[in-house]
>>> print(open('final.txt').read())   # compact mmCIF, C-alpha atoms and all ligand atoms
# COMPACT_ATOMS: atom_id res chain seq x y z
CA MET A 1 23.57 85.64 -15.96
CA GLN A 2 21.18 82.77 -16.40
CA PHE A 3 20.95 79.62 -14.29
CA LYS A 4 20.63 76.03 -15.40
CA SER A 5 20.03 72.70 -13.77
CA THR A 6 23.02 70.48 -13.02
CA ARG A 7 21.21 67.85 -15.09
CA SER A 8 20.35 69.78 -18.24
CA HIS A 9 21.46 72.64 -20.45
CA GLU A 10 17.88 73.27 -21.47
CA GLY A 11 15.45 75.46 -19.61
CA GLN A 12 17.73 78.23 -18.34
CA VAL A 13 16.09 80.65 -15.94
CA SER A 14 16.68 84.13 -14.50
CA PHE A 15 18.15 84.67 -11.05
CA LYS A 16 14.72 85.66 -9.78
CA ASP A 17 13.20 82.39 -10.97
CA ALA A 18 16.11 80.34 -9.63
CA VAL A 19 15.67 81.96 -6.21
CA LEU A 20 11.88 81.89 -5.99
CA HIS A 21 11.49 78.37 -7.43
CA CYS A 22 14.75 76.92 -6.28
CA LEU A 23 14.33 73.33 -7.48
CA PRO A 24 14.70 73.00 -11.27
CA PRO A 25 11.74 71.17 -12.84
CA GLN A 26 14.23 68.83 -14.59
CA GLY A 27 15.67 67.82 -11.21
CA GLY A 28 19.16 68.57 -9.93
CA LEU A 29 20.23 71.95 -8.55
CA TYR A 30 20.63 75.35 -10.13
CA VAL A 31 24.13 76.50 -11.07
CA PRO A 32 25.33 79.55 -13.01
CA ALA A 33 25.14 78.90 -16.75
CA GLY A 34 28.39 79.95 -18.35
CA MET A 35 31.05 82.43 -17.33
CA VAL A 36 30.73 86.14 -16.72
CA ASP A 37 33.88 88.21 -16.87
CA MET A 38 33.53 90.62 -13.97
CA ARG A 39 37.13 91.77 -13.93
CA GLN A 40 36.43 95.32 -15.05
CA PHE A 41 34.15 95.71 -12.04
CA PHE A 42 36.47 94.59 -9.27
CA LEU A 43 40.01 94.59 -10.64
CA TYR A 44 40.30 98.34 -10.13
CA MET A 45 38.61 98.59 -6.74
CA ASP A 46 41.02 99.82 -4.13
CA ALA A 47 41.73 98.11 -0.85
CA HIS A 48 39.50 100.59 1.02
CA THR A 49 36.32 99.49 -0.70
CA ASP A 50 33.95 98.31 1.98
CA TYR A 51 31.91 95.15 1.70
CA PRO A 52 28.43 96.56 0.92
CA GLU A 53 30.04 98.78 -1.72
CA LEU A 54 31.70 95.79 -3.38
CA VAL A 55 28.47 93.79 -3.31
CA ALA A 56 26.48 96.73 -4.71
CA THR A 57 29.00 97.15 -7.52
CA VAL A 58 29.30 93.56 -8.68
CA THR A 59 25.67 92.48 -8.34
CA PRO A 60 24.10 94.46 -11.24
CA PRO A 61 26.55 93.31 -13.93
CA LEU A 62 26.49 89.77 -12.55
CA LEU A 63 22.71 89.57 -12.67
CA GLN A 64 22.61 91.44 -15.96
CA GLY A 65 19.67 93.77 -15.65
CA GLU A 66 17.73 91.94 -12.97
CA LEU A 67 18.83 94.38 -10.29
CA ASN A 68 19.63 98.00 -11.10
CA PRO A 69 22.42 99.76 -9.19
CA PHE A 70 19.95 101.45 -6.81
CA SER A 71 18.27 98.17 -5.94
CA ALA A 72 21.65 96.48 -5.55
CA SER A 73 22.78 99.18 -3.11
CA ARG A 74 19.62 98.76 -1.09
CA VAL A 75 20.15 95.00 -0.97
CA ALA A 76 23.81 95.30 0.03
CA GLU A 77 23.11 97.90 2.73
CA SER A 78 20.20 96.05 4.23
CA ALA A 79 21.94 92.65 4.15
CA PHE A 80 25.32 93.58 5.54
CA ASN A 81 25.79 95.40 8.80
CA PHE A 82 28.73 93.03 9.26
CA GLN A 83 31.80 92.59 7.09
CA PRO A 84 34.54 90.08 6.44
CA GLU A 85 37.90 91.02 7.94
CA LEU A 86 41.25 90.23 6.41
CA ARG A 87 44.14 89.91 8.81
CA GLN A 88 47.62 89.41 7.45
CA VAL A 89 49.72 87.39 9.88
CA GLU A 90 52.79 86.73 7.74
CA GLU A 91 54.18 87.98 4.49
CA ASN A 92 52.49 85.13 2.67
CA LEU A 93 49.62 84.22 5.00
CA SER A 94 46.33 85.90 5.84
CA VAL A 95 43.16 84.93 7.63
CA LEU A 96 39.79 85.97 6.26
CA THR A 97 37.38 86.19 9.18
CA LEU A 98 33.85 85.36 8.12
CA TYR A 99 32.17 84.86 11.50
CA ASN A 100 31.13 88.44 12.26
CA GLY A 101 27.49 87.89 11.33
CA PRO A 102 24.57 87.45 13.72
CA THR A 103 25.14 83.74 14.41
CA GLY A 104 28.91 83.63 14.19
CA VAL A 105 29.31 81.51 11.06
CA PHE A 106 30.14 82.37 7.47
CA LYS A 107 26.73 81.03 6.38
CA ASP A 108 25.28 84.34 7.63
CA PHE A 109 26.73 85.98 4.49
CA GLY A 110 24.69 83.85 2.10
CA VAL A 111 21.50 83.90 4.17
CA ALA A 112 21.59 87.68 4.70
CA PHE A 113 21.97 88.34 0.99
CA LEU A 114 19.25 85.87 0.04
CA ALA A 115 16.75 87.51 2.42
CA ALA A 116 17.55 91.05 1.26
CA VAL A 117 17.57 90.21 -2.44
CA MET A 118 14.30 88.31 -2.19
CA GLU A 119 12.58 91.27 -0.59
CA GLU A 120 13.87 93.46 -3.44
CA LEU A 121 12.80 90.99 -6.15
CA LEU A 122 9.32 90.76 -4.59
CA LYS A 123 8.72 94.51 -4.53
CA ASN A 124 5.32 95.56 -5.88
CA ASN A 125 3.10 92.98 -4.25
CA GLY A 126 5.12 89.82 -4.73
CA PHE A 127 5.07 87.25 -1.98
CA ALA A 128 6.98 84.15 -1.04
CA MET A 129 7.21 81.56 1.68
CA VAL A 130 10.69 80.35 2.49
CA LEU A 131 10.91 76.85 3.96
CA SER A 132 14.16 75.95 5.67
CA ALA A 133 15.32 72.86 7.51
CA ALA A 134 17.36 73.93 10.51
CA LYS A 135 20.51 72.37 11.86
CA GLY A 136 22.46 74.02 14.66
CA ASP A 137 22.22 77.80 14.67
CA ASN A 138 21.21 78.00 11.05
CA GLY A 139 17.56 78.53 11.98
CA VAL A 140 18.50 81.64 13.94
CA SER A 141 20.47 83.01 11.01
CA ILE A 142 17.48 82.45 8.75
CA SER A 143 14.89 83.85 11.14
CA GLN A 144 16.95 86.98 11.84
CA SER A 145 17.75 87.68 8.20
CA PHE A 146 14.17 87.18 7.04
CA SER A 147 12.57 88.95 9.96
CA ARG A 148 10.42 91.95 8.90
CA ARG A 149 11.09 91.36 5.21
CA GLN A 150 8.09 92.59 3.20
CA GLY A 151 6.11 89.90 1.41
CA ILE A 152 8.03 87.00 2.93
CA THR A 153 6.98 84.35 5.44
CA SER A 154 9.74 82.19 6.86
CA VAL A 155 8.89 78.63 7.91
CA ILE A 156 11.64 76.85 9.80
CA LEU A 157 11.46 73.10 10.30
CA TYR A 158 13.30 71.58 13.23
CA PRO A 159 13.92 67.89 13.86
CA SER A 160 13.01 66.39 17.27
CA GLY A 161 14.95 68.00 20.08
CA GLN A 162 15.26 71.44 21.54
CA ILE A 163 14.80 74.61 19.55
CA ARG A 164 17.17 77.34 20.56
CA GLY A 165 18.01 80.94 19.91
CA LEU A 166 14.93 82.20 18.07
CA ASP A 167 13.31 85.45 19.18
CA PRO A 168 9.60 84.82 19.92
CA ALA A 169 8.85 88.44 18.94
CA THR A 170 9.51 87.39 15.33
CA PHE A 171 6.90 84.58 15.45
CA ILE A 172 3.78 84.90 13.37
CA GLN A 173 1.36 84.86 16.32
CA ASN A 174 3.25 87.84 17.76
CA GLY A 175 3.00 89.89 14.59
CA GLY A 176 6.21 88.63 12.98
CA ASN A 177 6.72 86.51 9.87
CA CYS A 178 8.48 83.44 11.29
CA ILE A 179 6.78 80.05 11.74
CA PRO A 180 9.03 77.60 13.59
CA ILE A 181 7.67 74.06 13.37
CA GLN A 182 9.02 71.03 15.11
CA VAL A 183 8.89 67.84 13.06
CA LYS A 184 8.80 64.59 14.99
CA GLY A 185 11.62 63.08 13.02
CA THR A 186 15.11 63.78 11.71
CA PHE A 187 16.75 66.60 9.80
CA ASP A 188 16.35 64.49 6.65
CA ASP A 189 12.61 64.27 7.33
CA CYS A 190 12.52 68.08 7.45
CA GLN A 191 14.28 68.30 4.09
CA ARG A 192 12.02 65.69 2.59
CA LEU A 193 8.95 67.67 3.71
CA ILE A 194 10.30 70.83 2.12
CA ASN A 195 10.86 69.06 -1.19
CA ALA A 196 7.35 67.60 -1.00
CA ALA A 197 5.89 71.06 -0.34
CA MET A 198 7.74 72.47 -3.36
CA GLU A 199 6.61 69.59 -5.54
CA ASP A 200 2.92 70.01 -4.68
CA ARG A 201 2.48 72.59 -7.44
CA PRO A 202 -0.90 74.09 -6.49
CA PHE A 203 0.16 74.48 -2.87
CA ALA A 204 3.61 75.79 -3.80
CA GLU A 205 2.13 78.35 -6.16
CA ARG A 206 -0.53 79.51 -3.77
CA TYR A 207 2.06 80.36 -1.10
CA GLY A 208 5.07 81.05 -3.32
CA ILE A 209 7.12 78.31 -1.74
CA THR A 210 10.87 78.10 -2.09
CA SER A 211 13.69 76.93 0.18
CA GLY A 212 16.12 78.92 2.31
CA ASN A 213 18.59 76.06 2.53
CA ALA A 214 21.81 75.84 0.55
CA VAL A 215 19.96 74.22 -2.36
CA ASN A 216 18.92 77.80 -3.11
CA VAL A 217 21.55 79.26 -5.42
CA GLY A 218 20.69 82.70 -4.03
CA ARG A 219 22.61 81.72 -0.92
CA LEU A 220 25.59 80.32 -2.74
CA LEU A 221 26.24 83.03 -5.30
CA PRO A 222 26.84 85.81 -2.74
CA GLN A 223 29.47 83.67 -1.04
CA ALA A 224 31.65 84.37 -4.09
CA PHE A 225 31.70 88.03 -3.01
CA TYR A 226 33.90 87.57 0.03
CA TYR A 227 36.55 85.89 -2.11
CA LEU A 228 36.55 88.98 -4.31
CA TYR A 229 36.75 91.11 -1.17
CA ALA A 230 39.84 89.23 0.03
CA PHE A 231 41.33 89.57 -3.44
CA ILE A 232 41.00 93.37 -3.59
CA LYS A 233 42.62 93.67 -0.15
CA ILE A 234 45.56 91.45 -1.09
CA LYS A 235 46.05 92.62 -4.67
CA PRO A 236 48.24 95.66 -3.83
CA PHE A 237 50.98 93.45 -2.39
CA LEU A 238 50.29 90.12 -4.08
CA GLN A 239 53.24 88.38 -5.70
CA GLY A 240 52.99 84.90 -7.09
CA ASP A 241 50.06 82.61 -6.52
CA LEU A 242 46.88 83.33 -4.62
CA VAL A 243 45.52 80.25 -2.86
CA PHE A 244 42.53 79.97 -0.52
CA SER A 245 42.28 77.28 2.13
CA VAL A 246 38.65 76.36 2.70
CA PRO A 247 37.28 74.12 5.48
CA CYS A 248 34.87 71.84 3.63
CA GLY A 249 31.73 70.06 4.82
CA ASN A 250 28.98 70.32 2.25
CA PHE A 251 31.39 72.11 -0.11
CA GLY A 252 29.19 75.20 -0.58
CA ASN A 253 32.02 77.50 0.39
CA LEU A 254 34.43 75.83 -2.02
CA ILE A 255 32.05 75.89 -4.96
CA ALA A 256 31.42 79.59 -4.29
CA GLY A 257 35.18 80.13 -4.57
CA LEU A 258 35.18 78.31 -7.89
CA TYR A 259 32.37 80.62 -9.03
CA ALA A 260 34.54 83.60 -8.05
CA TRP A 261 37.16 82.15 -10.39
CA LYS A 262 34.46 81.86 -13.08
CA PHE A 263 33.71 85.55 -12.58
CA GLY A 264 37.31 86.37 -13.42
CA MET A 265 39.08 86.44 -10.04
CA PRO A 266 42.77 85.72 -10.64
CA VAL A 267 43.33 82.80 -8.28
CA SER A 268 45.73 79.89 -8.53
CA GLY A 269 43.97 77.35 -6.40
CA PHE A 270 41.86 76.24 -3.48
CA ILE A 271 42.78 73.83 -0.73
CA ALA A 272 39.75 71.67 0.04
CA ALA A 273 40.50 71.11 3.72
CA MET A 274 38.62 68.18 5.23
CA ASN A 275 38.79 66.36 8.53
CA ALA A 276 38.71 62.55 8.74
CA ASN A 277 35.58 62.61 6.58
CA ASN A 278 37.70 62.91 3.49
CA ALA A 279 36.18 60.53 0.93
CA PHE A 280 35.37 63.46 -1.30
CA GLY A 281 39.07 64.07 -1.82
CA ASP A 282 39.22 60.95 -4.01
CA PHE A 283 36.49 62.39 -6.18
CA ILE A 284 38.41 65.63 -6.64
CA ARG A 285 41.46 63.60 -7.65
CA GLY A 286 39.41 62.04 -10.42
CA LYS A 287 38.08 58.83 -8.88
CA GLU A 288 34.51 57.71 -8.51
CA PHE A 289 32.91 59.16 -5.38
CA SER A 290 32.13 56.44 -2.88
CA PRO A 291 30.84 57.78 0.44
CA ARG A 292 32.16 56.29 3.67
CA PRO A 293 30.43 56.08 7.07
CA LEU A 294 30.36 59.32 9.02
CA ILE A 295 33.09 59.84 11.60
CA SER A 296 32.59 62.20 14.56
CA THR A 297 35.50 64.59 14.92
CA ASN A 298 36.39 67.71 16.89
CA SER A 299 35.55 69.87 13.84
CA PRO A 300 31.85 68.95 13.68
CA ALA A 301 30.82 71.43 10.97
CA LEU A 302 32.92 69.37 8.58
CA ASP A 303 31.42 66.02 9.57
CA VAL A 304 29.60 65.26 6.33
CA SER A 305 29.74 62.01 4.43
CA VAL A 306 27.76 62.96 1.30
CA PRO A 307 28.18 66.69 0.55
CA SER A 308 24.88 68.33 -0.43
CA ASN A 309 26.71 70.22 -3.16
CA TYR A 310 27.96 67.01 -4.77
CA GLU A 311 25.89 67.63 -7.91
CA ARG A 312 27.17 71.17 -8.27
CA LEU A 313 30.78 70.04 -7.96
CA ALA A 314 30.23 67.18 -10.35
CA ALA A 315 28.70 69.60 -12.88
CA PHE A 316 31.67 71.92 -12.50
CA TYR A 317 34.02 68.97 -12.89
CA GLU A 318 32.34 67.94 -16.11
CA GLU A 319 32.65 71.46 -17.49
CA ALA A 320 36.25 72.02 -16.45
CA PRO A 321 37.96 68.78 -15.39
CA ALA A 322 41.46 70.19 -15.72
CA VAL A 323 40.57 73.17 -13.53
CA MET A 324 39.17 70.91 -10.87
CA ARG A 325 42.19 68.59 -10.85
CA ASN A 326 44.80 71.32 -11.05
CA MET A 327 43.21 74.07 -8.98
CA VAL A 328 41.60 72.17 -6.14
CA TYR A 329 43.97 70.50 -3.69
CA PRO A 330 42.25 68.10 -1.29
CA ASP A 331 43.80 67.62 2.12
CA SER A 332 42.69 65.92 5.30
CA VAL A 333 43.53 66.94 8.87
CA ASP A 334 42.95 64.65 11.86
CA ASP A 335 41.75 65.66 15.34
CA TYR A 336 45.23 65.76 16.82
CA ALA A 337 46.61 67.97 14.04
CA THR A 338 43.58 70.23 14.40
CA VAL A 339 44.28 70.91 18.06
CA GLU A 340 47.99 71.36 17.31
CA ALA A 341 47.10 73.89 14.63
CA MET A 342 44.92 75.85 17.07
CA LYS A 343 47.78 75.92 19.53
CA GLN A 344 50.29 76.98 16.90
CA ALA A 345 48.06 79.78 15.55
CA TRP A 346 47.75 81.11 19.08
CA ASP A 347 51.44 80.80 19.98
CA ARG A 348 52.69 82.32 16.76
CA TYR A 349 50.10 84.91 15.89
CA GLN A 350 47.82 85.31 18.93
CA LEU A 351 45.17 84.05 16.61
CA ILE A 352 42.22 82.16 18.09
CA LEU A 353 40.70 79.77 15.59
CA ASP A 354 37.69 77.54 15.97
CA PRO A 355 38.49 73.89 15.16
CA ASN A 356 36.77 73.99 11.74
CA SER A 357 38.89 76.94 10.67
CA ALA A 358 41.92 75.26 12.21
CA VAL A 359 41.51 72.39 9.75
CA ALA A 360 41.94 74.92 6.94
CA TYR A 361 44.83 76.57 8.74
CA ALA A 362 46.65 73.26 9.22
CA ALA A 363 46.21 72.36 5.56
CA ALA A 364 47.42 75.83 4.54
CA GLU A 365 50.54 75.45 6.69
CA ARG A 366 51.37 72.16 5.00
CA HIS A 367 50.90 73.70 1.60
CA ARG A 368 53.02 76.70 2.52
CA ARG A 369 55.90 74.56 3.79
CA VAL A 370 56.03 71.31 1.85
CA LYS A 371 55.54 72.56 -1.70
CA ASP A 372 57.92 75.33 -2.75
CA PHE A 373 55.16 77.82 -2.45
CA TYR A 374 55.53 81.31 -3.83
CA GLY A 375 52.50 83.49 -3.28
CA HIS A 376 49.87 84.24 -0.69
CA LEU A 377 47.63 81.88 1.25
CA VAL A 378 44.29 82.94 2.65
CA VAL A 379 42.71 80.80 5.38
CA LEU A 380 38.95 81.10 5.64
CA ALA A 381 37.93 81.37 9.30
CA THR A 382 34.35 80.20 9.14
CA GLY A 383 33.20 79.84 12.75
CA HIS A 384 33.36 82.04 15.83
CA PRO A 385 35.79 80.45 18.31
CA ALA A 386 33.36 81.17 21.19
CA LYS A 387 31.05 78.56 19.71
CA GLN A 388 33.58 75.88 20.61
CA ALA A 389 35.15 77.54 23.61
CA ASP A 390 35.96 74.18 25.26
CA THR A 391 38.13 72.98 22.40
CA VAL A 392 39.73 76.42 22.23
CA ALA A 393 40.58 76.25 25.94
CA ILE A 394 42.11 72.77 25.59
CA ALA A 395 44.19 73.75 22.59
CA THR A 396 45.35 77.23 23.58
CA GLY A 397 44.84 77.49 27.33
CA GLN A 398 42.75 80.60 26.67
CA ASP A 399 39.35 81.17 28.25
CA ILE A 400 37.62 83.30 25.71
CA GLU A 401 34.80 85.66 26.35
CA ILE A 402 31.45 84.55 24.94
CA PRO A 403 29.76 87.47 23.17
CA ASP A 404 26.13 88.13 24.04
CA LYS A 405 24.85 87.21 20.59
CA ILE A 406 26.52 83.78 20.83
CA ARG A 407 25.23 83.20 24.37
CA LYS A 408 21.68 84.03 23.26
CA LEU A 409 21.82 81.24 20.68
CA GLN A 410 21.46 78.81 23.58
CA ARG A 411 18.10 80.09 24.86
CA MET A 412 15.35 77.53 24.47
CA VAL A 413 12.08 78.43 22.75
CA ASN A 414 8.80 76.70 21.94
CA PRO A 415 7.74 76.06 18.35
CA VAL A 416 4.50 77.41 16.89
CA SER A 417 3.42 73.83 16.17
CA ILE A 418 4.64 70.27 16.44
CA ILE A 419 3.82 67.92 13.57
CA LYS A 420 4.34 64.37 12.41
CA PRO A 421 6.64 64.08 9.38
CA HIS A 422 3.80 64.04 6.83
CA ILE A 423 3.30 66.61 4.10
CA GLU A 424 -0.43 67.01 4.93
CA ASP A 425 0.47 67.87 8.50
CA LEU A 426 2.96 70.49 7.34
CA GLN A 427 0.43 71.98 4.97
CA SER A 428 -2.28 72.23 7.60
CA ALA A 429 0.16 73.74 10.09
CA ILE A 430 0.99 76.42 7.51
CA ILE A 431 -2.62 77.05 6.53
CA SER A 432 -3.69 77.43 10.16
CA CYS A 433 -1.31 80.38 10.55
CA PHE A 434 -3.27 82.60 8.15
C1 LIG B 501 29.01 74.98 7.51
C2 LIG B 501 30.35 75.19 8.05
C3 LIG B 501 31.52 74.79 7.35
C4 LIG B 501 31.44 73.98 6.07
O1 LIG B 501 31.03 74.77 4.98
P1 LIG B 501 30.48 74.06 3.66
O2 LIG B 501 30.05 75.18 2.79
O3 LIG B 501 29.33 73.19 4.09
O4 LIG B 501 31.58 73.27 3.09
C5 LIG B 501 32.74 75.13 7.85
N1 LIG B 501 32.87 75.78 9.02
C6 LIG B 501 31.79 76.16 9.75
C7 LIG B 501 32.02 76.85 11.04
C8 LIG B 501 30.51 75.88 9.30
O5 LIG B 501 29.45 76.25 10.03
>>> encode(input="final.txt", output="structure tokens", more="lines below")
Ligand SMILES: *Cc1c(COP(=O)(O)O)cnc(C)c1O
Amino acid sequence: MQFKSTRSHEGQVSFKDAVLHCLPPQGGLYVPAGMVDMRQFFLYMDAHTDYPELVATVTPPLLQGELNPFSASRVAESAFNFQPELRQVEENLSVLTLYNGPTGVFKDFGVAFLAAVMEELLKNNGFAMVLSAAKGDNGVSISQSFSRRQGITSVILYPSGQIRGLDPATFIQNGGNCIPIQVKGTFDDCQRLINAAMEDRPFAERYGITSGNAVNVGRLLPQAFYYLYAFIKIKPFLQGDLVFSVPCGNFGNLIAGLYAWKFGMPVSGFIAAMNANNAFGDFIRGKEFSPRPLISTNSPALDVSVPSNYERLAAFYEEAPAVMRNMVYPDSVDDYATVEAMKQAWDRYQLILDPNSAVAYAAAERHRRVKDFYGHLVVLATGHPAKQADTVAIATGQDIEIPDKIRKLQRMVNPVSIIKPHIEDLQSAIISCF
């Protein structure tokens, strides 16, 4: 499969190019060009297929010759020592747990694959420098996944404030490959610096600069795999429609589901579950997108006013407007309903959900009850409940145990350097590390 910019059909590139030079020269973001029918590769997998096996099987045909089956197995095995888990709680309702990775969020799936596949693509003396702007625990996910990867240096930019959870043993001055840098500024400043570093061609080429953020399609594509995984588990007993309920912030997870559909997964629809920040729902219904001011809610991972995947969704919309309008059902869940949903999931199923996942659960429950629904609903549980233990305790009365790996995310660390938000300062900070 080739990749194209959201802004042009010209200049299609390979997966390797899209990953290693992740901003298209024409502007926009990379998206898969065209459809690939992958049905023959996953339709006949049985429900016992494990996750690395599924990933190793679908990657070679998807990337058409860019990764052979041996390389794909190596990538899948080295990326995934954690798996999604499907738990059926009712005849027509399941929960797909995606928070088993190192930092307890589903984003670990995309980051882990990106790191492993980059190492494989760079074999035989290739090199790259991955620049990532960090928000929350994302920096930890990136530093862990890229740690000890041959040929790769990982630069993580943090906005002003404390840096937490990184392991100093992975830092470059201690023999590792991670360079955490604090930028005196905001998260947006960090992103702006990364774009500037990629746009300075000589510098970018000299170090092989690309980004480890969600702009990199190498993070997004592998998120389609856990939808396929859920599908092969449910297929033996599926009757009627298959619908996924996805908690949406930047809409990466949702667009990955739509890509799974593009790869041939038989799915009837996706609930785009939002909290009070729901302006994007109007866009899905066919109106112009007009962002509204950000509202703080109790499901903070979904507090986004302009989704960073807007261009990708708009490009998909343009290609398949009827699919978007008929297969994507926007819904919005307020704080009160979120807490109620957490309580209900616990009372009914002894299921502990984090508030972000509870937004998707609440929307799924509405869909299951109000419409005369015949089929199976899958709720994507995206965050480890221990990460919002306070909200969990309020909603369910349960004091949950905090796993060690989640506790360690809170440890404070010092950056390798602190810079002003200027591209020259970033460049000298990088140069001084070698
Ligand atoms: C990032 C995140 C989301 C939102 O996912 P998007 O791909 O940005 O829509 C949902 N839940 C949790 C726990 C997250 O960390």
>>> closest_residue(input="final.txt", among="A:Asp354, A:Asp331, A:Glu10, A:Asp189", to="ligand LIG 501 (chain B)", atoms="only C-alpha atoms and all ligand atoms")
A:Asp354
>>> residues_near_ligand(input="final.txt", ligand="ligand LIG 501 (chain B)", cutoff="10 Å", atoms="all atoms listed in the file", output="PyMOL selection string")
chain A and resi 98-99+103-108+135-138+214+220+223+246-256+272-274+299-304+307-309+354-360+380-385+387-388
>>> residues_around(input="final.txt", residues="A:Arg325", least_positions_apart="4", cutoff="7 Å", atoms="all atoms listed in the file", output="list in words")
Ile284, Arg285 and Pro321 of chain A
>>> atom_distance(input="final.txt", atom1="atom CA of A:Ser73", atom2="atom CA of A:Lys405")
26.6 Å
>>> closest_atom_pairs(input="final.txt", of="stretch 276-331 of chain A", to="stretch 225-244 of chain A", cutoff="12 Å", atoms="all atoms listed in the file", output="CSV")
residue,atom,partner,partner_atom,distance
A:Met327,CA,A:Val243,CA,9.0
A:Val328,CA,A:Val243,CA,9.6
A:Tyr329,CA,A:Val243,CA,9.9
A:Pro330,CA,A:Phe244,CA,11.9
>>> atom_distance(input="final.txt", atom1="atom CA of A:Ile179", atom2="atom CA of A:Gly126")
19.2 Å
>>> decode(input="final.txt", residues="stretch 335-347 of chain A", atoms="N, CA, C and O atoms", output="PDB file, in the first residue's frame")
ATOM      1  N   ASP A 335     -20.547  14.895  32.130  1.00  0.00           N
ATOM      2  CA  ASP A 335     -19.818  14.391  33.306  1.00  0.00           C
ATOM      3  C   ASP A 335     -20.693  13.507  34.195  1.00  0.00           C
ATOM      4  O   ASP A 335     -20.254  12.468  34.681  1.00  0.00           O
ATOM      5  N   TYR A 336     -21.921  13.945  34.396  1.00  0.00           N
ATOM      6  CA  TYR A 336     -22.817  13.191  35.272  1.00  0.00           C
ATOM      7  C   TYR A 336     -23.067  11.791  34.696  1.00  0.00           C
ATOM      8  O   TYR A 336     -22.948  10.774  35.382  1.00  0.00           O
ATOM      9  N   ALA A 337     -23.386  11.747  33.402  1.00  0.00           N
ATOM     10  CA  ALA A 337     -23.673  10.461  32.755  1.00  0.00           C
ATOM     11  C   ALA A 337     -22.429   9.562  32.724  1.00  0.00           C
ATOM     12  O   ALA A 337     -22.535   8.334  32.747  1.00  0.00           O
ATOM     13  N   THR A 338     -21.264  10.200  32.697  1.00  0.00           N
ATOM     14  CA  THR A 338     -20.019   9.428  32.701  1.00  0.00           C
ATOM     15  C   THR A 338     -19.854   8.685  34.025  1.00  0.00           C
ATOM     16  O   THR A 338     -19.567   7.483  34.052  1.00  0.00           O
ATOM     17  N   VAL A 339     -20.069   9.411  35.121  1.00  0.00           N
ATOM     18  CA  VAL A 339     -19.953   8.784  36.441  1.00  0.00           C
ATOM     19  C   VAL A 339     -21.034   7.716  36.625  1.00  0.00           C
ATOM     20  O   VAL A 339     -20.770   6.618  37.147  1.00  0.00           O
ATOM     21  N   GLU A 340     -22.245   8.012  36.166  1.00  0.00           N
ATOM     22  CA  GLU A 340     -23.330   7.026  36.241  1.00  0.00           C
ATOM     23  C   GLU A 340     -22.971   5.753  35.473  1.00  0.00           C
ATOM     24  O   GLU A 340     -23.255   4.645  35.910  1.00  0.00           O
ATOM     25  N   ALA A 341     -22.342   5.938  34.321  1.00  0.00           N
ATOM     26  CA  ALA A 341     -21.961   4.788  33.493  1.00  0.00           C
ATOM     27  C   ALA A 341     -20.906   3.941  34.207  1.00  0.00           C
ATOM     28  O   ALA A 341     -20.957   2.705  34.183  1.00  0.00           O
ATOM     29  N   MET A 342     -19.966   4.614  34.876  1.00  0.00           N
ATOM     30  CA  MET A 342     -18.935   3.875  35.620  1.00  0.00           C
ATOM     31  C   MET A 342     -19.566   3.040  36.722  1.00  0.00           C
ATOM     32  O   MET A 342     -19.203   1.899  36.960  1.00  0.00           O
ATOM     33  N   LYS A 343     -20.550   3.654  37.385  1.00  0.00           N
ATOM     34  CA  LYS A 343     -21.237   2.968  38.478  1.00  0.00           C
ATOM     35  C   LYS A 343     -22.019   1.766  37.936  1.00  0.00           C
ATOM     36  O   LYS A 343     -21.960   0.672  38.471  1.00  0.00           O
ATOM     37  N   GLN A 344     -22.715   2.010  36.836  1.00  0.00           N
ATOM     38  CA  GLN A 344     -23.525   0.938  36.250  1.00  0.00           C
ATOM     39  C   GLN A 344     -22.657  -0.235  35.783  1.00  0.00           C
ATOM     40  O   GLN A 344     -23.011  -1.394  35.999  1.00  0.00           O
ATOM     41  N   ALA A 345     -21.539   0.069  35.135  1.00  0.00           N
ATOM     42  CA  ALA A 345     -20.651  -0.997  34.633  1.00  0.00           C
ATOM     43  C   ALA A 345     -20.138  -1.839  35.796  1.00  0.00           C
ATOM     44  O   ALA A 345     -19.992  -3.060  35.689  1.00  0.00           O
ATOM     45  N   TRP A 346     -19.896  -1.162  36.920  1.00  0.00           N
ATOM     46  CA  TRP A 346     -19.431  -1.897  38.101  1.00  0.00           C
ATOM     47  C   TRP A 346     -20.565  -2.742  38.697  1.00  0.00           C
ATOM     48  O   TRP A 346     -20.410  -3.940  38.949  1.00  0.00           O
ATOM     49  N   ASP A 347     -21.717  -2.118  38.903  1.00  0.00           N
ATOM     50  CA  ASP A 347     -22.840  -2.831  39.521  1.00  0.00           C
ATOM     51  C   ASP A 347     -23.288  -4.025  38.687  1.00  0.00           C
ATOM     52  O   ASP A 347     -23.555  -5.096  39.211  1.00  0.00           O
TER      53      ASP A 347
END
